[in-house]
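For reference, the structure discussed in these notes is given below.
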Amino acid sequence: MLAEVSKNVFLHASQNKVLNKAAKKWGLRFGAGQVVAGDTIESAIKKVKQLNQQGLVCTLDHLGEFVSSKAEAIEATQYNIRTLEAMNKAGVNCNLSVKMTQLGLDINRNFCIENMHRILQTAKKYNNFVRIDMEDYAHCQITLDILSELRQTYDNVGTVIQAYLFRAEQDVKELKGIPLRLVKGAYQESPTVAYQEKAEVDRNYMKIIEEHLLSGSYTAIASHDHNIIDEVIKFAKKHHIPRNQFEFQMLYGFRTDMQLNLAKQGYKMRVYVPFGNDWFGYFMRRLAERPQNVAFALKGFFSK
Ligand code: FDA
């Protein structure tokens, strides 16, 4: 009950625009520095290099959401382009994750698509891949529509499907052949569109992972859940799914030992590395996911 209340408080905070705006000025606080790789491209690339040296591949995410002016969206687009250029220059093994609300999705659909084109052209030039993160349910259909439009020109783009949504299984079927990151889902969604019980989400998660793997499609399993990871490994062995058809993904700063262990066993392990000053929404969603993360944050708060 208490865990449910604190989860809701953190999820509400994650969507509070005033707090999100204020946090940009605070700098990385409350332990956020342990899960966010600094606030500049240079600091993020430095982290990625270290992770690559440990046998982990990465995806960089320039933090930001709720962009409401064209100028901010253009700035974010340019920042993402500079990030791709910096990755290429540094020769790191890393791709890019983006959120379309940061690129103007709530301002104008075509404007956002133009920004995506600019990012994808740059990624194509450097033979790199861009993942469109999935945001809340209100943005789900439009994200999939834009993905389908972009896929007519680019093969270096994919998205994310959230297992808590009732629609996830049908979406995965329709996205056969497209590289997908599969997750449980991080936002607060209504019982009219999403499973609310962990057991139901877990069951649907395994179902969509199996569906995408069996269809021969490249699958990223993004979870810190050791039970899910064990099941995926067993399933892949049983069905002779080649190791180069899937990868595991985890967030920077979480279950580092498990990340290294999977890499040592020869599995591709990608670390999602967020950076930048717009850290508040991301950090609040992580606190909502796991009550123990609060202790982690408090430790960071007191050690500041
Ligand atoms: P979950 O939180 O369900 O935990 C299951 C169990 O695993 C726990 O009970 C515990 O035993 C263990 N565990 C979990 N975390 C642990 C830890 N830190 N230490 C020790 N044990 C731990 N969401 C979204 O909506 N859109 C998106 O685009 C993305 N993108 C994304 C990328 C990547 C790389 C990841 C890893 C996750 C996302 N997510 C996401 C978030 C995702 O939807 C989900 O909210 C979180 O990953 C939490 O769910 P888990 O499957 O990790 O385990």
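Ligands are numbered from 1 in the order shown, residues from 1 within each chain, and chains are lettered A, B, ... in the order they appear in the structure tokens.
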
Under the rule of at most 6 Å, produce a per-residue listing of chain A near ligand 1: chain, number, name, the closest pair of atoms, and the distance in Å, as a Markdown table, using only C-alpha atoms and all ligand atoms.
```
| residue | atom | partner | partner_atom_place_in_ligand_line | distance |
| --- | --- | --- | --- | --- |
| A:Asp133 | CA | ligand 1 | 28 (O) | 3.6 |
| A:Met134 | CA | ligand 1 | 28 (O) | 4.1 |
| A:Glu135 | CA | ligand 1 | 26 (N) | 5.5 |
| A:Val160 | CA | ligand 1 | 28 (O) | 5.4 |
| A:Gln162 | CA | ligand 1 | 25 (O) | 5.9 |
| A:Val183 | CA | ligand 1 | 43 (O) | 4.5 |
| A:Lys184 | CA | ligand 1 | 43 (O) | 4.2 |
| A:Gly185 | CA | ligand 1 | 43 (O) | 3.2 |
| A:Ala186 | CA | ligand 1 | 45 (O) | 3.7 |
| A:Tyr187 | CA | ligand 1 | 25 (O) | 5.7 |
| A:Ala222 | CA | ligand 1 | 36 (C) | 4.2 |
| A:Ser223 | CA | ligand 1 | 52 (O) | 3.7 |
| A:His224 | CA | ligand 1 | 52 (O) | 3.7 |
| A:Asp225 | CA | ligand 1 | 7 (O) | 3.4 |
| A:His226 | CA | ligand 1 | 7 (O) | 5.8 |
| A:Gln249 | CA | ligand 1 | 34 (C) | 4.5 |
| A:Met250 | CA | ligand 1 | 36 (C) | 3.7 |
| A:Leu251 | CA | ligand 1 | 36 (C) | 4.7 |
| A:Phe254 | CA | ligand 1 | 18 (N) | 4.7 |
| A:Arg255 | CA | ligand 1 | 19 (N) | 5.2 |
| A:Tyr272 | CA | ligand 1 | 34 (C) | 4.8 |
| A:Glu289 | CA | ligand 1 | 2 (O) | 5.2 |
| A:Arg290 | CA | ligand 1 | 2 (O) | 6.0 |
```

### Message
At a cut-off of 12 Å, using only C-alpha atoms, what residues contact Leu262 (chain A)? Leave out same-chain residues fewer than 2 positions from it and give the result as JSON, numbers by chain.
### Response
{"A": [54, 55, 56, 57, 224, 226, 229, 230, 233, 243, 247, 248, 249, 250, 255, 256, 257, 258, 259, 260, 264, 265, 266, 267, 268, 269, 270, 271]}

### Task
Can you pull out every residue within 6 Å of region 68-83 of chain A, counting only C-alpha atoms, but drop anything in the same chain fewer than 3 positions away, and send it as a PyMOL selection string?
chain A and resi 86+102-104+119

### Query
Please, what distance in Å, to one decimal, runs between CA of Lys176 (chain A) and CA of Gln245 (chain A)?
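One can read the CA of Lys176 (chain A) to CA of Gln245 (chain A) distance as 13.2 Å.
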
### Query
Hey, what's within 12 Å of Asn8 (chain A) if we count only C-alpha atoms and toss same-chain stuff fewer than 6 positions away? As number ranges by chain, please?
A: 1-2, 14-15, 186-189, 284-285, 287-291

Those residues with C-alpha atoms, as a PDB file, in the first residue's frame please?
```pdb
ATOM      1  CA  MET A   1       0.000   0.000   0.000  1.00  0.00           C
ATOM      2  CA  LEU A   2       2.763   2.444   1.045  1.00  0.00           C
ATOM      3  CA  SER A  14       7.886  13.068 -12.997  1.00  0.00           C
ATOM      4  CA  GLN A  15       5.175  14.836 -15.017  1.00  0.00           C
ATOM      5  CA  ALA A 186       7.344   3.096 -16.946  1.00  0.00           C
ATOM      6  CA  TYR A 187       4.369   5.500 -16.953  1.00  0.00           C
ATOM      7  CA  GLN A 188       1.162   5.660 -14.926  1.00  0.00           C
ATOM      8  CA  GLU A 189      -1.566   4.347 -17.203  1.00  0.00           C
ATOM      9  CA  MET A 284      11.451  10.306 -10.642  1.00  0.00           C
ATOM     10  CA  ARG A 285      10.345   7.391 -12.870  1.00  0.00           C
ATOM     11  CA  LEU A 287      12.286   6.113  -7.967  1.00  0.00           C
ATOM     12  CA  ALA A 288       8.711   5.057  -8.762  1.00  0.00           C
ATOM     13  CA  GLU A 289       9.843   1.707 -10.159  1.00  0.00           C
ATOM     14  CA  ARG A 290      11.556   0.448  -7.063  1.00  0.00           C
ATOM     15  CA  PRO A 291      11.163   1.542  -3.419  1.00  0.00           C
TER      16      PRO A 291
END
```

### Task
Return as a PyMOL selection string the full set of residues in region 113-275 of chain A whose backbone-based DSSP assignment is helix (DSSP H, G or I).
chain A and resi 113-125+137-151+168-174+198-214+226-238+243-245+256-264
